[in-house]
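Okay, structure first, notes after.
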Amino acid sequence: NPDTCFIERALLDSNLICSLQDVVDAPEILTVIGKIPHLSKFLNSLYNCQYKSFFLAFAGLTEQIKLDRYLHLRFRFYMREVRTVVYSQFLESHKSVTIEAMAKAFGVTVEFIDPELSRFIAVGKLHCKIDKVAGVLETNRPDAKNALYQATIKHGDFLLNRIQELSRVIDL
């Protein structure tokens with residue numbers, strides 16, 4: 001059914017950009033969500049922060065995504081982005097958490113989640129750091145004011161350097 005396929009793609013994509021509340025409660029979604037295997041559990045477990053159930057439903061959806069003529073082209077990208085969203089959602093409520101506790105919450109092993117988190121942290125997708133000795137993830141949430149402050153400092157330093165260069169040229 002073309003409508004069901006369209007809604008499935010919209011739901012899968014909306015997890016990356018929309019408020020989950022808007023998606024879960026939309027009447028258009030509620031009419032077809034039961035027709036798509038694993039999708040209801042996928043959305044509701046993410047919405048209810050049931051990460052272990054989410055990963056199980058997510059694994060069930062992967063086969064459907066691979067078979068979709070549009071989504072299969074970006075399968076790896078989509079899988080990575082969804083995991084980033086879920087890990088970010090989990091870390092939002094924690095200042096620090098052990099890697100073991102996070103792995104347990106997601107129903108995976110520490111051996112799986114540790115390199116995965118490391119990759120996401122290295123590319124700037126997750127804002128936290130790993131204390132390997134203590135086995136702890138410590139979040140460092142960048143806020144808009146801090147980013148603006150850092151940008152102002154950077155531009156100010158650049159401006160001061162240019163003024164110093166110009167004053168040297170004028171003194172010659």
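Letters for chains follow the order of the structure tokens (A, B, ...), residue numbers begin at 1 for each chain, and ligand numbers begin at 1 in the order shown.
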Report task. If you run DSSP over the backbone, which residues in region 41-137 of chain A end up strand (DSSP E or B)? Put them as a PyMOL selection string. Result -> chain A and resi 96-98+128-131+136-137
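Residues with any atom within 10 Å of Gln50 (chain A), counting only C-alpha atoms and excluding same-chain neighbours fewer than 3 positions away, are Lys41, Phe42, Asn44, Ser45, Leu46, Tyr47, Ser53, Phe54, Phe55, Phe90, Ala105 and Phe106 of chain A.
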Could those residues be written to a file, using all heavy atoms, as a short mmCIF file (atom, residue, chain, number, x, y, z; two decimals), in the first residue's frame?
```cif
data_model
loop_
_atom_site.label_atom_id
_atom_site.label_comp_id
_atom_site.auth_asym_id
_atom_site.auth_seq_id
_atom_site.Cartn_x
_atom_site.Cartn_y
_atom_site.Cartn_z
N LYS A 41 6.11 -0.42 18.31
CA LYS A 41 7.04 -0.66 19.43
C LYS A 41 8.27 0.25 19.31
O LYS A 41 8.77 0.76 20.31
CB LYS A 41 7.46 -2.13 19.45
CG LYS A 41 8.23 -2.53 20.66
CD LYS A 41 8.49 -4.02 20.67
CE LYS A 41 9.23 -4.42 21.92
NZ LYS A 41 9.55 -5.85 21.93
N PHE A 42 8.73 0.47 18.10
CA PHE A 42 9.88 1.34 17.83
C PHE A 42 9.60 2.76 18.34
O PHE A 42 10.37 3.32 19.11
CB PHE A 42 10.14 1.35 16.32
CG PHE A 42 11.19 2.30 15.84
CD1 PHE A 42 12.53 1.98 15.96
CD2 PHE A 42 10.84 3.50 15.24
CE1 PHE A 42 13.51 2.85 15.49
CE2 PHE A 42 11.80 4.37 14.78
CZ PHE A 42 13.15 4.04 14.90
N ASN A 44 6.96 3.92 20.29
CA ASN A 44 6.53 4.02 21.67
C ASN A 44 7.64 3.75 22.67
O ASN A 44 7.71 4.39 23.72
CB ASN A 44 5.33 3.10 21.93
CG ASN A 44 4.09 3.62 21.24
OD1 ASN A 44 3.82 4.82 21.25
ND2 ASN A 44 3.33 2.74 20.62
N SER A 45 8.52 2.83 22.36
CA SER A 45 9.62 2.56 23.29
C SER A 45 10.60 3.73 23.31
O SER A 45 11.15 4.06 24.36
CB SER A 45 10.33 1.26 22.95
OG SER A 45 10.84 1.28 21.64
N LEU A 46 10.80 4.38 22.19
CA LEU A 46 11.65 5.57 22.17
C LEU A 46 10.98 6.70 22.96
O LEU A 46 11.62 7.36 23.78
CB LEU A 46 11.92 6.03 20.74
CG LEU A 46 12.78 7.28 20.58
CD1 LEU A 46 14.14 7.10 21.23
CD2 LEU A 46 12.94 7.64 19.11
N TYR A 47 9.70 6.87 22.75
CA TYR A 47 8.95 7.91 23.45
C TYR A 47 8.94 7.68 24.96
O TYR A 47 9.06 8.61 25.75
CB TYR A 47 7.53 7.97 22.90
CG TYR A 47 6.66 9.01 23.55
CD1 TYR A 47 6.87 10.36 23.30
CD2 TYR A 47 5.65 8.66 24.43
CE1 TYR A 47 6.08 11.33 23.90
CE2 TYR A 47 4.85 9.61 25.02
CZ TYR A 47 5.08 10.95 24.76
OH TYR A 47 4.31 11.91 25.35
N SER A 53 13.77 -2.24 24.69
CA SER A 53 12.68 -2.55 23.76
C SER A 53 12.87 -1.82 22.43
O SER A 53 12.57 -2.34 21.37
CB SER A 53 11.33 -2.14 24.35
OG SER A 53 11.07 -2.85 25.52
N PHE A 54 13.38 -0.60 22.52
CA PHE A 54 13.63 0.17 21.32
C PHE A 54 14.62 -0.55 20.41
O PHE A 54 14.41 -0.69 19.21
CB PHE A 54 14.17 1.56 21.66
CG PHE A 54 14.63 2.32 20.46
CD1 PHE A 54 13.73 2.98 19.65
CD2 PHE A 54 15.98 2.32 20.11
CE1 PHE A 54 14.16 3.65 18.52
CE2 PHE A 54 16.41 2.98 18.98
CZ PHE A 54 15.49 3.66 18.19
N PHE A 55 15.73 -1.02 20.99
CA PHE A 55 16.74 -1.70 20.18
C PHE A 55 16.19 -2.98 19.56
O PHE A 55 16.54 -3.32 18.42
CB PHE A 55 17.99 -1.98 21.02
CG PHE A 55 19.10 -0.99 20.79
CD1 PHE A 55 18.83 0.36 20.68
CD2 PHE A 55 20.41 -1.40 20.69
CE1 PHE A 55 19.84 1.28 20.48
CE2 PHE A 55 21.43 -0.48 20.50
CZ PHE A 55 21.14 0.85 20.38
N PHE A 90 19.12 9.42 25.91
CA PHE A 90 19.48 8.76 27.17
C PHE A 90 20.42 9.63 28.00
O PHE A 90 20.24 9.79 29.20
CB PHE A 90 20.15 7.41 26.87
CG PHE A 90 20.62 6.68 28.09
CD1 PHE A 90 19.74 5.90 28.82
CD2 PHE A 90 21.93 6.76 28.51
CE1 PHE A 90 20.15 5.22 29.95
CE2 PHE A 90 22.36 6.09 29.65
CZ PHE A 90 21.47 5.32 30.36
N ALA A 105 20.90 -0.75 30.06
CA ALA A 105 19.67 -0.06 29.68
C ALA A 105 19.30 -0.32 28.22
O ALA A 105 18.13 -0.39 27.87
CB ALA A 105 19.81 1.44 29.92
N PHE A 106 20.31 -0.49 27.37
CA PHE A 106 20.06 -0.72 25.95
C PHE A 106 20.01 -2.21 25.59
O PHE A 106 19.75 -2.55 24.45
CB PHE A 106 21.12 -0.01 25.11
CG PHE A 106 20.89 1.46 24.99
CD1 PHE A 106 21.50 2.35 25.86
CD2 PHE A 106 20.03 1.97 24.03
CE1 PHE A 106 21.27 3.71 25.77
CE2 PHE A 106 19.80 3.33 23.94
CZ PHE A 106 20.42 4.20 24.81
#
```
Report summary line: Using only C-alpha atoms, the shortest atom-to-atom distance to Gly135 (chain A) among A:Gln64, A:Asn48, A:Ser96, A:Asn161 belongs to A:Ser96
Query raised in the report: At what distance in Å, to one decimal, does CA of His94 (chain A) lie from CA of Ala57 (chain A)?
Result: 24.0 Å
Query raised in the report: Could you work out how far CA of Ile130 (chain A) lies from CA of Thr109 (chain A), giving the answer in Å with one decimal?
Result: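 Pair CA of Thr109 (chain A) / CA of Ile130 (chain A) returns 16.1 Å.
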Report task. List every residue of chain A that DSSP, applied to the backbone of this structure, assigns to alpha helix (DSSP H), and report them as a VMD selection string. Result -> chain A and resid 2 to 17 20 to 25 27 to 32 39 to 47 51 to 67 75 to 92 99 to 106 110 to 122 144 to 171
